[in-house]
file entry.cif (mmCIF, C-alpha atoms (C1' of nucleotides))
data_query
#
loop_
_atom_site.label_atom_id
_atom_site.label_comp_id
_atom_site.auth_asym_id
_atom_site.auth_seq_id
_atom_site.Cartn_x
_atom_site.Cartn_y
_atom_site.Cartn_z
CA MET I 1 -3.68 8.09 -1.25
CA ARG I 2 -3.90 6.64 2.19
CA VAL I 3 -1.92 7.02 5.39
CA SER I 4 -0.40 3.77 6.63
CA ALA I 5 -0.57 2.47 10.17
CA LYS I 6 3.19 2.81 10.30
CA ALA I 7 3.11 6.53 9.55
CA ASP I 8 0.31 7.09 12.03
CA TYR I 9 2.21 5.18 14.71
CA ALA I 10 5.45 7.02 13.98
CA VAL I 11 3.83 10.40 14.48
CA ARG I 12 2.05 9.35 17.65
CA ALA I 13 5.15 7.86 19.21
CA ALA I 14 7.15 10.95 18.30
CA ALA I 15 4.45 13.12 19.84
CA GLU I 16 4.92 11.26 23.11
CA LEU I 17 8.64 11.90 22.94
CA ALA I 18 8.00 15.57 22.27
CA ALA I 19 5.70 15.77 25.26
CA ALA I 20 8.19 13.97 27.50
CA GLY I 21 10.86 16.56 26.88
CA GLU I 22 14.41 15.66 27.96
CA GLY I 23 14.78 12.24 29.56
CA PRO I 24 14.81 8.98 27.62
CA VAL I 25 11.44 7.23 27.35
CA LYS I 26 11.19 3.47 27.17
CA GLY I 27 9.66 1.85 24.12
CA GLU I 28 7.21 0.01 26.29
CA LYS I 29 5.89 3.25 27.71
CA LEU I 30 5.41 4.72 24.25
CA ALA I 31 3.60 1.58 23.14
CA GLU I 32 1.25 1.72 26.10
CA ALA I 33 0.61 5.43 25.89
CA GLN I 34 -0.47 5.20 22.26
CA ASP I 35 -1.70 1.63 22.17
CA ILE I 36 0.76 0.40 19.56
CA PRO I 37 2.06 -3.19 19.35
CA LEU I 38 5.45 -2.98 21.07
CA GLN I 39 7.53 -5.11 18.73
CA PHE I 40 6.16 -3.39 15.68
CA LEU I 41 6.84 -0.03 17.27
CA GLU I 42 10.45 -0.97 17.94
CA HIS I 43 11.01 -1.47 14.22
CA ILE I 44 9.48 1.90 13.51
CA LEU I 45 11.58 3.63 16.15
CA LEU I 46 14.66 2.03 14.66
CA GLU I 47 13.81 3.50 11.29
CA LEU I 48 13.33 6.90 12.84
CA LYS I 49 16.70 6.55 14.50
CA HIS I 50 18.38 5.61 11.22
CA HIS I 51 16.89 8.73 9.71
CA GLY I 52 18.41 10.83 12.49
CA ILE I 53 15.08 11.92 13.89
CA ILE I 54 15.40 10.28 17.29
CA ARG I 55 18.24 8.90 19.41
CA ALA I 56 18.31 5.96 21.78
CA ARG I 57 20.30 4.35 24.54
CA ARG I 58 20.11 0.76 25.74
CA GLY I 59 20.15 -0.67 29.20
CA ALA I 60 18.66 0.12 32.57
CA LYS I 61 18.14 3.86 32.16
CA GLY I 62 17.75 3.61 28.42
CA GLY I 63 15.02 4.74 26.06
CA TYR I 64 14.33 7.07 23.16
CA TRP I 65 14.37 10.84 22.78
CA LEU I 66 14.15 13.39 19.99
CA ALA I 67 17.39 14.24 18.23
CA ARG I 68 16.18 17.80 17.63
CA PRO I 69 13.87 20.26 19.39
CA ALA I 70 10.21 19.38 18.94
CA ASP I 71 9.58 22.54 16.92
CA GLU I 72 12.13 21.43 14.35
CA VAL I 73 10.56 18.07 13.58
CA THR I 74 7.69 18.12 11.11
CA ILE I 75 5.07 15.52 10.33
CA ALA I 76 6.54 15.34 6.85
CA ASP I 77 9.89 14.23 8.33
CA LEU I 78 8.20 11.34 10.09
CA VAL I 79 6.03 10.28 7.20
CA ARG I 80 8.97 10.33 4.79
CA ALA I 81 11.10 8.31 7.19
CA VAL I 82 8.68 5.41 7.26
CA GLU I 83 6.78 5.67 3.98
CA GLY I 84 9.34 7.16 1.63
CA PRO I 85 8.63 9.99 -0.81
CA ILE I 86 5.28 11.72 -0.51
CA ALA I 87 2.90 11.55 -3.48
CA ASP I 88 4.90 9.44 -5.90
CA VAL I 89 2.96 8.28 -8.95
CA GLN I 90 3.58 4.66 -9.86
CA SER I 91 6.65 4.78 -7.61
CA THR I 92 8.09 7.67 -9.57
CA PRO I 93 8.32 11.33 -8.57
CA PRO I 94 5.65 13.28 -10.48
CA GLU I 95 8.07 15.66 -12.17
CA ALA I 96 9.89 12.70 -13.73
CA ILE I 97 6.92 11.18 -15.55
CA LYS I 98 6.41 11.54 -19.27
CA TYR I 99 2.82 12.04 -20.38
CA SER I 100 1.76 12.30 -23.96
CA GLY I 101 -0.90 14.27 -25.76
CA ASN I 102 -4.14 14.77 -23.94
CA SER I 103 -2.78 14.06 -20.49
CA GLU I 104 0.30 16.24 -20.68
CA SER I 105 -1.05 18.54 -17.99
CA LEU I 106 -1.59 15.66 -15.63
CA ARG I 107 2.00 15.94 -14.51
CA ASP I 108 1.30 19.45 -13.22
CA VAL I 109 -1.72 18.15 -11.36
CA TRP I 110 0.31 15.53 -9.52
CA VAL I 111 2.99 18.09 -8.75
CA ALA I 112 0.30 20.34 -7.32
CA VAL I 113 -1.02 17.44 -5.26
CA ARG I 114 2.40 16.90 -3.78
CA ALA I 115 2.85 20.60 -3.12
CA SER I 116 -0.47 20.82 -1.34
CA LEU I 117 0.39 17.82 0.84
CA ARG I 118 3.69 19.44 1.73
CA SER I 119 2.00 22.70 2.59
CA VAL I 120 0.34 20.86 5.44
CA LEU I 121 2.83 18.17 6.44
CA GLU I 122 5.89 20.39 6.40
CA GLU I 123 4.20 23.14 8.39
CA VAL I 124 3.04 21.13 11.38
CA THR I 125 5.71 20.34 13.97
CA LEU I 126 5.63 18.02 16.96
CA ALA I 127 5.61 21.09 19.17
CA ASP I 128 2.43 22.28 17.45
CA LEU I 129 0.87 18.85 17.87
CA VAL I 130 1.38 18.46 21.60
CA ALA I 131 0.46 22.09 22.28
CA HIS I 132 -2.80 21.60 20.34
CA GLU I 133 -1.98 24.76 18.44
CA LEU I 134 -1.87 24.01 14.76
CA PRO I 135 -0.52 26.48 12.17
CA PRO I 136 -2.92 28.85 10.36
CA VAL I 137 -2.92 26.78 7.16
CA VAL I 138 -4.32 23.81 9.06
CA GLU I 139 -6.81 25.85 11.06
CA GLU I 140 -8.08 27.31 7.85
CA LEU I 141 -8.56 23.93 6.21
CA THR I 142 -10.24 22.31 9.19
CA SER I 143 -12.52 25.27 9.90
CA GLN I 144 -14.60 24.49 6.83
CA PRO I 145 -17.44 22.13 7.77
CA ASP I 146 -17.03 20.24 4.48
CA ALA I 147 -13.62 19.09 5.60
CA TRP I 148 -15.21 17.02 8.34
CA HIS I 149 -17.29 14.51 6.43
CA SER I 150 -16.35 11.91 3.87
CA SER I 151 -17.46 13.35 0.61
CA THR I 152 -20.38 11.98 -1.35
CA SER I 153 -19.11 10.02 -4.29
CA THR I 154 -20.27 10.35 -7.84
CA LYS I 155 -21.86 6.93 -7.62
CA GLU I 156 -23.92 7.91 -4.62
CA MET I 157 -25.01 11.09 -6.37
CA VAL I 158 -26.11 9.14 -9.39
CA GLU I 159 -28.04 6.69 -7.26
CA GLY I 160 -29.75 9.57 -5.51
CA ARG I 161 -28.60 8.89 -1.97
CA MET X 1 0.55 8.64 0.17
CA ARG X 2 1.13 7.49 -3.35
CA VAL X 3 -0.90 7.53 -6.54
CA SER X 4 -1.53 4.05 -7.94
CA ALA X 5 -1.06 3.02 -11.55
CA LYS X 6 -4.78 2.39 -11.69
CA ALA X 7 -5.66 5.95 -10.74
CA ASP X 8 -3.13 7.36 -13.15
CA TYR X 9 -4.49 5.15 -15.95
CA ALA X 10 -8.08 6.07 -15.13
CA VAL X 11 -7.40 9.77 -15.43
CA ARG X 12 -5.43 9.40 -18.64
CA ALA X 13 -8.07 7.25 -20.30
CA ALA X 14 -10.79 9.66 -19.23
CA ALA X 15 -8.76 12.53 -20.62
CA GLU X 16 -8.77 10.80 -23.99
CA LEU X 17 -12.53 10.45 -23.81
CA ALA X 18 -12.86 14.11 -22.93
CA ALA X 19 -10.73 15.08 -25.89
CA ALA X 20 -12.67 12.81 -28.23
CA GLY X 21 -15.93 14.61 -27.51
CA GLU X 22 -19.12 12.88 -28.62
CA GLY X 23 -18.64 9.58 -30.41
CA PRO X 24 -17.79 6.31 -28.66
CA VAL X 25 -14.08 5.48 -28.48
CA LYS X 26 -12.84 1.90 -28.49
CA GLY X 27 -10.92 0.57 -25.55
CA GLU X 28 -8.10 -0.46 -27.81
CA LYS X 29 -7.68 3.08 -29.05
CA LEU X 30 -7.56 4.44 -25.51
CA ALA X 31 -4.99 1.83 -24.57
CA GLU X 32 -2.78 2.72 -27.50
CA ALA X 33 -3.11 6.46 -27.08
CA GLN X 34 -1.98 6.32 -23.47
CA ASP X 35 0.15 3.18 -23.58
CA ILE X 36 -1.90 1.23 -21.06
CA PRO X 37 -2.23 -2.60 -21.05
CA LEU X 38 -5.57 -3.18 -22.77
CA GLN X 39 -7.00 -5.91 -20.59
CA PHE X 40 -6.11 -4.07 -17.43
CA LEU X 41 -7.64 -0.92 -18.82
CA GLU X 42 -10.89 -2.73 -19.56
CA HIS X 43 -11.28 -3.55 -15.89
CA ILE X 44 -10.66 0.05 -14.96
CA LEU X 45 -13.16 1.32 -17.52
CA LEU X 46 -15.71 -1.11 -16.14
CA GLU X 47 -15.25 0.35 -12.68
CA LEU X 48 -15.67 3.84 -14.05
CA LYS X 49 -18.85 2.71 -15.74
CA HIS X 50 -20.18 1.21 -12.51
CA HIS X 51 -19.55 4.52 -10.81
CA GLY X 52 -21.58 6.29 -13.47
CA ILE X 53 -18.66 8.29 -14.79
CA ILE X 54 -18.57 6.82 -18.27
CA ARG X 55 -20.97 4.89 -20.50
CA ALA X 56 -20.31 2.17 -23.01
CA ARG X 57 -21.83 0.24 -25.89
CA ARG X 58 -20.76 -3.11 -27.29
CA GLY X 59 -20.54 -4.28 -30.83
CA ALA X 60 -19.30 -2.95 -34.13
CA LYS X 61 -19.78 0.74 -33.48
CA GLY X 62 -19.25 0.40 -29.76
CA GLY X 63 -16.90 2.09 -27.36
CA TYR X 64 -16.79 4.34 -24.32
CA TRP X 65 -17.81 7.93 -23.72
CA LEU X 66 -18.21 10.30 -20.80
CA ALA X 67 -21.54 10.18 -19.00
CA ARG X 68 -21.30 13.89 -18.21
CA PRO X 69 -19.72 16.95 -19.84
CA ALA X 70 -15.95 17.04 -19.41
CA ASP X 71 -16.15 20.12 -17.22
CA GLU X 72 -18.29 18.23 -14.72
CA VAL X 73 -15.90 15.36 -14.15
CA THR X 74 -13.11 16.02 -11.66
CA ILE X 75 -9.89 14.15 -11.02
CA ALA X 76 -11.25 13.40 -7.56
CA ASP X 77 -14.19 11.53 -9.11
CA LEU X 78 -11.83 9.29 -11.03
CA VAL X 79 -9.42 8.66 -8.18
CA ARG X 80 -12.26 7.80 -5.80
CA ALA X 81 -13.81 5.45 -8.32
CA VAL X 82 -10.73 3.27 -8.56
CA GLU X 83 -8.93 3.84 -5.24
CA GLY X 84 -11.76 4.49 -2.84
CA PRO X 85 -11.81 7.26 -0.24
CA ILE X 86 -9.02 9.81 -0.42
CA ALA X 87 -6.65 10.08 2.56
CA ASP X 88 -8.03 7.40 4.82
CA VAL X 89 -5.84 6.63 7.82
CA GLN X 90 -5.48 2.92 8.52
CA SER X 91 -8.50 2.37 6.26
CA THR X 92 -10.64 4.67 8.37
CA PRO X 93 -11.81 8.21 7.56
CA PRO X 94 -9.73 10.66 9.60
CA GLU X 95 -12.68 12.22 11.40
CA ALA X 96 -13.65 8.81 12.79
CA ILE X 97 -10.37 8.02 14.53
CA LYS X 98 -9.96 8.31 18.27
CA TYR X 99 -6.64 9.66 19.45
CA SER X 100 -5.65 9.98 23.06
CA GLY X 101 -3.58 12.49 24.98
CA ASN X 102 -0.59 13.89 23.21
CA SER X 103 -1.73 13.02 19.73
CA GLU X 104 -5.27 14.33 20.00
CA SER X 105 -4.58 17.04 17.46
CA LEU X 106 -3.33 14.54 14.94
CA ARG X 107 -6.87 13.95 13.79
CA ASP X 108 -7.11 17.58 12.73
CA VAL X 109 -3.88 17.23 10.82
CA TRP X 110 -5.16 14.26 8.82
CA VAL X 111 -8.42 16.09 8.17
CA ALA X 112 -6.40 19.03 6.88
CA VAL X 113 -4.40 16.69 4.68
CA ARG X 114 -7.58 15.36 3.16
CA ALA X 115 -8.98 18.85 2.70
CA SER X 116 -5.83 20.03 0.96
CA LEU X 117 -5.91 17.05 -1.39
CA ARG X 118 -9.51 17.79 -2.21
CA SER X 119 -8.74 21.44 -2.87
CA VAL X 120 -6.68 20.25 -5.81
CA LEU X 121 -8.40 17.07 -6.97
CA GLU X 122 -11.93 18.42 -6.83
CA GLU X 123 -11.02 21.61 -8.65
CA VAL X 124 -9.41 20.15 -11.73
CA THR X 125 -11.81 18.85 -14.38
CA LEU X 126 -11.16 16.80 -17.47
CA ALA X 127 -11.97 19.88 -19.52
CA ASP X 128 -9.18 21.75 -17.71
CA LEU X 129 -6.79 18.88 -18.33
CA VAL X 130 -7.23 18.57 -22.06
CA ALA X 131 -7.29 22.35 -22.53
CA HIS X 132 -4.01 22.63 -20.63
CA GLU X 133 -5.59 25.35 -18.56
CA LEU X 134 -5.46 24.40 -14.92
CA PRO X 135 -7.36 26.26 -12.20
CA PRO X 136 -5.66 29.08 -10.24
CA VAL X 137 -5.09 26.92 -7.17
CA VAL X 138 -2.98 24.53 -9.23
CA GLU X 139 -1.13 27.24 -11.10
CA GLU X 140 -0.23 28.82 -7.80
CA LEU X 141 1.11 25.59 -6.35
CA THR X 142 3.12 24.62 -9.41
CA SER X 143 4.54 28.11 -9.93
CA GLN X 144 6.76 27.73 -6.88
CA PRO X 145 10.11 26.24 -7.95
CA ASP X 146 10.24 24.12 -4.77
CA ALA X 147 7.26 22.18 -5.98
CA TRP X 148 9.30 20.76 -8.82
CA HIS X 149 11.97 18.77 -7.04
CA SER X 150 11.76 15.89 -4.64
CA SER X 151 12.48 17.36 -1.27
CA THR X 152 15.66 16.73 0.65
CA SER X 153 14.98 14.34 3.48
CA THR X 154 16.09 14.75 7.04
CA LYS X 155 18.48 11.86 6.59
CA GLU X 156 20.15 13.51 3.64
CA MET X 157 20.44 16.75 5.58
CA VAL X 158 22.05 14.97 8.49
CA GLU X 159 24.48 13.24 6.19
CA GLY X 160 25.36 16.54 4.58
CA ARG X 161 24.32 15.80 1.01
"C1'" DG A 1 -25.18 -15.47 -38.30
"C1'" DT A 2 -20.95 -13.42 -38.09
"C1'" DG A 3 -17.97 -10.29 -36.60
"C1'" DC A 4 -16.87 -6.69 -33.37
"C1'" DT A 5 -16.52 -4.85 -28.82
"C1'" DC A 6 -17.58 -4.66 -24.20
"C1'" DC A 7 -18.46 -7.50 -19.77
"C1'" DT A 8 -17.22 -10.57 -16.13
"C1'" DG A 9 -15.08 -13.67 -13.17
"C1'" DA A 10 -11.13 -16.53 -12.26
"C1'" DC A 11 -6.61 -16.65 -11.81
"C1'" DC A 12 -1.72 -15.27 -10.88
"C1'" DA A 13 2.86 -13.35 -9.22
"C1'" DA A 14 5.08 -9.92 -6.77
"C1'" DA A 15 5.07 -6.47 -3.44
"C1'" DA A 16 3.43 -4.08 0.59
"C1'" DA A 17 1.16 -3.91 5.03
"C1'" DG A 18 1.10 -5.17 9.54
"C1'" DG A 19 2.84 -7.78 12.49
"C1'" DT A 20 5.46 -11.74 15.50
"C1'" DC A 21 9.68 -14.39 17.09
"C1'" DA A 22 14.25 -15.26 18.57
"C1'" DG A 23 18.30 -13.89 19.82
"C1'" DG A 24 22.35 -10.52 20.21
"C1'" DA A 25 24.62 -6.33 22.06
"C1'" DA A 26 25.15 -2.34 24.98
"C1'" DA A 27 24.28 0.03 29.38
"C1'" DG A 28 23.56 0.20 34.11
"C1'" DT A 29 23.25 -2.19 38.90
"C1'" DC A 30 24.80 -5.27 42.60
"C1'" DG N 1 31.78 -10.24 36.94
"C1'" DA N 2 27.10 -11.57 36.82
"C1'" DC N 3 22.63 -10.00 36.01
"C1'" DT N 4 19.01 -7.25 34.46
"C1'" DT N 5 17.23 -4.05 31.47
"C1'" DT N 6 16.37 -2.14 27.14
"C1'" DC N 7 17.40 -1.36 22.52
"C1'" DC N 8 18.99 -3.63 17.93
"C1'" DT N 9 18.52 -6.72 14.11
"C1'" DG N 10 17.22 -10.09 10.94
"C1'" DA N 11 14.18 -13.78 9.81
"C1'" DC N 12 9.76 -15.11 9.35
"C1'" DC N 13 4.71 -14.96 8.78
"C1'" DT N 14 -0.22 -13.93 7.08
"C1'" DT N 15 -3.29 -11.07 4.69
"C1'" DT N 16 -4.24 -7.50 1.44
"C1'" DT N 17 -3.14 -4.77 -2.42
"C1'" DT N 18 -1.17 -3.99 -6.80
"C1'" DG N 19 -0.77 -4.78 -11.41
"C1'" DG N 20 -1.73 -7.45 -14.27
"C1'" DT N 21 -3.34 -11.95 -17.74
"C1'" DC N 22 -6.74 -15.50 -19.53
"C1'" DA N 23 -10.94 -17.48 -21.08
"C1'" DG N 24 -15.29 -17.13 -22.24
"C1'" DG N 25 -20.02 -14.89 -22.48
"C1'" DA N 26 -23.30 -11.24 -23.92
"C1'" DG N 27 -25.02 -7.48 -26.63
"C1'" DC N 28 -24.93 -4.72 -30.94
"C1'" DA N 29 -24.56 -3.88 -36.03
"C1'" DC N 30 -24.60 -5.47 -40.49
#

call {"tool": "encode", "arguments": {"input": "entry.cif", "output": "structure tokens"}}
result
Amino acid sequence: MRVSAKADYAVRAAAELAAAGEGPVKGEKLAEAQDIPLQFLEHILLELKHHGIIRARRGAKGGYWLARPADEVTIADLVRAVEGPIADVQSTPPEAIKYSGNSESLRDVWVAVRASLRSVLEEVTLADLVAHELPPVVEELTSQPDAWHSSTSTKEMVEGR
Amino acid sequence: MRVSAKADYAVRAAAELAAAGEGPVKGEKLAEAQDIPLQFLEHILLELKHHGIIRARRGAKGGYWLARPADEVTIADLVRAVEGPIADVQSTPPEAIKYSGNSESLRDVWVAVRASLRSVLEEVTLADLVAHELPPVVEELTSQPDAWHSSTSTKEMVEGR
DNA sequence: GTGCTCCTGACCAAAAAGGTCAGGAAAGTC
DNA sequence: GACTTTCCTGACCTTTTTGGTCAGGAGCAC
């Protein structure tokens, strides 16, 4: 349940494109702006292009730009482009797994996990990101103080930390 | 953003323990009940023991049992025990990451992602699982039909599938 | 002491993560 | 047309993670 460097980079680079607006932006500029290894970033941008999220042109005045308006590109789009399906269990979509007996309901739990991830990732757009105005669902989640610290694990509780 | 086999196995084995109630259950029985490779499962159970989630005894009448009542063990406890922190970004807790300029708000998004995961994983207990009675938050998420199919990706939309 | 069962570390193969390198192919400029 | 710029692509690489197996030791019950 972790977010890869690739996904993080993809979102950050796309945010730069969203902020830039129209004109094509060079890969090098994106890499510098967000401190991402250039050659690695180029592979990521290529994937985004293959997924129809961005466009590109080569040569002197070349660069990358968003294929759609920034308010029509969600974080989920970017994460899926580089990481594949969100919240697969053992590389299988949760609804396709067969559980027996006492763990039958576990399928519903994983489906709920996926749904809750989507409720965040599919709501936030690049436009929201660069405007620093996140949708209500995010504001609500981040406004709780608990959300801001790594939770105390069971082990730590047992050991009385 | 995927759930590992280990986490899935951990929850399923723990569900068996929850269903068994008091007496110690042998590893072999857990493995058979949930169709998990025995030797792999033993390593997982050992981790759970180290995290204080289960207890064990060796010998003739040995086996594993829950260290706490089933309604005090959450899915989050189990996932954290075997996978570590939930929703780290690049192996770092989201609140600890420094973002610059146009992606400053991304930190809040990852924090919201973690919070939304917790809102599911920390609510569901083993008791809920084996009783097939999941908390309202889960019921609500799974009751939406959209939650039950893998979402159509941007690429597929572009290609008109 | 003799099974039975958990405990532990070593090992292993395949995949994923996170990159780097080398060159080719378009687009613009002179 | 040559040259430069910038994206495009595949091959390659190292380290870590994933998903296990194997061999033996240690504690418990009888």

call {"tool": "resolve_selection", "arguments": {"input": "entry.cif", "expression": "the PyMOL selection byres ((chain I) within 7 of (chain X))", "output": "PyMOL selection string"}}
result
chain I and resi 1-5+12+15-16+19+51-52+77+86-90+93+95+102-103+105-106+108-109+111-113+115-117+120+129-130+132+138+141-142+147-148+150+154-155+158

call {"tool": "residues_around", "arguments": {"input": "entry.cif", "residues": "N:DC28", "least_positions_apart": "6", "cutoff": "9 Å", "atoms": "only C-alpha atoms (C1' of nucleotides)", "output": "list in words"}}
result
Arg57, Arg58, Gly59, Ala60, Lys61 and Gly62 of chain X; DC4 and DT5 of chain A

call {"tool": "atom_distance", "arguments": {"input": "entry.cif", "atom1": "atom C1' of A:DA10", "atom2": "atom CA of X:Ala56"}}
result
23.4 Å

call {"tool": "calpha_fit_and_write", "arguments": {"input": "entry.cif", "fixed": "chain X", "moving": "chain I", "output": "short mmCIF file (atom, residue, chain, number, x, y, z; two decimals) with C-alpha atoms, in the coordinates of the input"}}
result
data_model
loop_
_atom_site.label_atom_id
_atom_site.label_comp_id
_atom_site.auth_asym_id
_atom_site.auth_seq_id
_atom_site.Cartn_x
_atom_site.Cartn_y
_atom_site.Cartn_z
CA MET I 1 0.56 8.61 0.18
CA ARG I 2 1.12 7.46 -3.33
CA VAL I 3 -0.92 7.50 -6.52
CA SER I 4 -1.55 4.04 -7.95
CA ALA I 5 -1.08 3.03 -11.55
CA LYS I 6 -4.80 2.39 -11.69
CA ALA I 7 -5.68 5.95 -10.73
CA ASP I 8 -3.15 7.36 -13.15
CA TYR I 9 -4.51 5.17 -15.95
CA ALA I 10 -8.11 6.07 -15.14
CA VAL I 11 -7.43 9.77 -15.43
CA ARG I 12 -5.47 9.40 -18.65
CA ALA I 13 -8.09 7.25 -20.31
CA ALA I 14 -10.81 9.66 -19.24
CA ALA I 15 -8.78 12.54 -20.64
CA GLU I 16 -8.78 10.80 -24.01
CA LEU I 17 -12.54 10.45 -23.82
CA ALA I 18 -12.87 14.11 -22.94
CA ALA I 19 -10.72 15.07 -25.90
CA ALA I 20 -12.68 12.81 -28.26
CA GLY I 21 -15.93 14.58 -27.51
CA GLU I 22 -19.13 12.85 -28.66
CA GLY I 23 -18.61 9.55 -30.45
CA PRO I 24 -17.78 6.29 -28.70
CA VAL I 25 -14.07 5.46 -28.51
CA LYS I 26 -12.85 1.89 -28.54
CA GLY I 27 -10.92 0.56 -25.58
CA GLU I 28 -8.10 -0.46 -27.83
CA LYS I 29 -7.68 3.09 -29.06
CA LEU I 30 -7.57 4.44 -25.52
CA ALA I 31 -4.99 1.82 -24.58
CA GLU I 32 -2.79 2.73 -27.51
CA ALA I 33 -3.13 6.46 -27.09
CA GLN I 34 -2.00 6.31 -23.47
CA ASP I 35 0.12 3.19 -23.57
CA ILE I 36 -1.91 1.22 -21.05
CA PRO I 37 -2.23 -2.60 -21.06
CA LEU I 38 -5.58 -3.18 -22.78
CA GLN I 39 -7.01 -5.90 -20.58
CA PHE I 40 -6.11 -4.06 -17.43
CA LEU I 41 -7.65 -0.91 -18.83
CA GLU I 42 -10.90 -2.71 -19.57
CA HIS I 43 -11.28 -3.55 -15.89
CA ILE I 44 -10.67 0.06 -14.98
CA LEU I 45 -13.17 1.33 -17.53
CA LEU I 46 -15.72 -1.10 -16.15
CA GLU I 47 -15.25 0.35 -12.70
CA LEU I 48 -15.68 3.84 -14.05
CA LYS I 49 -18.86 2.72 -15.75
CA HIS I 50 -20.21 1.19 -12.54
CA HIS I 51 -19.56 4.50 -10.85
CA GLY I 52 -21.60 6.29 -13.51
CA ILE I 53 -18.68 8.28 -14.83
CA ILE I 54 -18.60 6.81 -18.32
CA ARG I 55 -21.00 4.86 -20.53
CA ALA I 56 -20.32 2.14 -23.06
CA ARG I 57 -21.85 0.23 -25.92
CA ARG I 58 -20.75 -3.11 -27.32
CA GLY I 59 -20.45 -4.31 -30.86
CA ALA I 60 -19.24 -2.97 -34.17
CA LYS I 61 -19.71 0.75 -33.54
CA GLY I 62 -19.23 0.40 -29.82
CA GLY I 63 -16.87 2.06 -27.38
CA TYR I 64 -16.78 4.32 -24.35
CA TRP I 65 -17.79 7.93 -23.76
CA LEU I 66 -18.22 10.29 -20.83
CA ALA I 67 -21.55 10.16 -19.04
CA ARG I 68 -21.30 13.88 -18.23
CA PRO I 69 -19.73 16.95 -19.84
CA ALA I 70 -15.96 17.02 -19.42
CA ASP I 71 -16.15 20.12 -17.22
CA GLU I 72 -18.31 18.24 -14.73
CA VAL I 73 -15.91 15.37 -14.14
CA THR I 74 -13.13 16.02 -11.66
CA ILE I 75 -9.92 14.15 -11.01
CA ALA I 76 -11.26 13.40 -7.55
CA ASP I 77 -14.22 11.55 -9.11
CA LEU I 78 -11.85 9.30 -11.02
CA VAL I 79 -9.46 8.68 -8.19
CA ARG I 80 -12.29 7.83 -5.80
CA ALA I 81 -13.84 5.46 -8.32
CA VAL I 82 -10.75 3.30 -8.54
CA GLU I 83 -8.96 3.86 -5.24
CA GLY I 84 -11.79 4.50 -2.82
CA PRO I 85 -11.82 7.27 -0.22
CA ILE I 86 -9.04 9.83 -0.40
CA ALA I 87 -6.67 10.11 2.57
CA ASP I 88 -8.03 7.42 4.85
CA VAL I 89 -5.83 6.64 7.84
CA GLN I 90 -5.48 2.94 8.54
CA SER I 91 -8.50 2.38 6.28
CA THR I 92 -10.62 4.68 8.40
CA PRO I 93 -11.80 8.21 7.60
CA PRO I 94 -9.71 10.67 9.64
CA GLU I 95 -12.65 12.24 11.44
CA ALA I 96 -13.63 8.83 12.82
CA ILE I 97 -10.35 8.03 14.57
CA LYS I 98 -9.92 8.30 18.31
CA TYR I 99 -6.57 9.66 19.47
CA SER I 100 -5.58 9.98 23.06
CA GLY I 101 -3.51 12.47 24.99
CA ASN I 102 -0.53 13.89 23.22
CA SER I 103 -1.69 13.05 19.73
CA GLU I 104 -5.22 14.34 20.02
CA SER I 105 -4.54 17.06 17.47
CA LEU I 106 -3.29 14.56 14.96
CA ARG I 107 -6.84 13.96 13.83
CA ASP I 108 -7.09 17.60 12.75
CA VAL I 109 -3.85 17.23 10.84
CA TRP I 110 -5.15 14.28 8.84
CA VAL I 111 -8.41 16.10 8.20
CA ALA I 112 -6.41 19.05 6.91
CA VAL I 113 -4.40 16.71 4.70
CA ARG I 114 -7.57 15.38 3.17
CA ALA I 115 -8.97 18.87 2.72
CA SER I 116 -5.84 20.05 0.98
CA LEU I 117 -5.91 17.05 -1.38
CA ARG I 118 -9.53 17.81 -2.19
CA SER I 119 -8.75 21.44 -2.86
CA VAL I 120 -6.69 20.25 -5.80
CA LEU I 121 -8.41 17.07 -6.96
CA GLU I 122 -11.94 18.41 -6.81
CA GLU I 123 -11.04 21.62 -8.64
CA VAL I 124 -9.42 20.15 -11.73
CA THR I 125 -11.82 18.84 -14.37
CA LEU I 126 -11.17 16.79 -17.49
CA ALA I 127 -11.96 19.88 -19.52
CA ASP I 128 -9.19 21.76 -17.72
CA LEU I 129 -6.79 18.88 -18.32
CA VAL I 130 -7.22 18.58 -22.07
CA ALA I 131 -7.28 22.36 -22.54
CA HIS I 132 -3.99 22.62 -20.61
CA GLU I 133 -5.58 25.35 -18.54
CA LEU I 134 -5.46 24.39 -14.91
CA PRO I 135 -7.38 26.27 -12.19
CA PRO I 136 -5.66 29.08 -10.24
CA VAL I 137 -5.10 26.91 -7.16
CA VAL I 138 -2.99 24.51 -9.21
CA GLU I 139 -1.13 27.24 -11.08
CA GLU I 140 -0.26 28.79 -7.79
CA LEU I 141 1.10 25.57 -6.34
CA THR I 142 3.11 24.61 -9.39
CA SER I 143 4.54 28.10 -9.92
CA GLN I 144 6.78 27.71 -6.89
CA PRO I 145 10.13 26.23 -7.94
CA ASP I 146 10.25 24.11 -4.77
CA ALA I 147 7.25 22.18 -5.97
CA TRP I 148 9.29 20.75 -8.81
CA HIS I 149 11.97 18.77 -7.04
CA SER I 150 11.76 15.87 -4.63
CA SER I 151 12.49 17.37 -1.29
CA THR I 152 15.68 16.69 0.61
CA SER I 153 14.99 14.31 3.42
CA THR I 154 16.06 14.73 6.99
CA LYS I 155 18.48 11.86 6.59
CA GLU I 156 20.18 13.50 3.66
CA MET I 157 20.43 16.75 5.60
CA VAL I 158 22.02 14.99 8.51
CA GLU I 159 24.50 13.25 6.25
CA GLY I 160 25.39 16.57 4.68
CA ARG I 161 24.43 15.81 1.10
#

call {"tool": "residues_around", "arguments": {"input": "entry.cif", "residues": "I:Ala31", "least_positions_apart": "4", "cutoff": "10 Å", "atoms": "all atoms listed in the file", "output": "PyMOL selection string"}}
result
chain I and resi 9+12-13+16+26-27+35-42
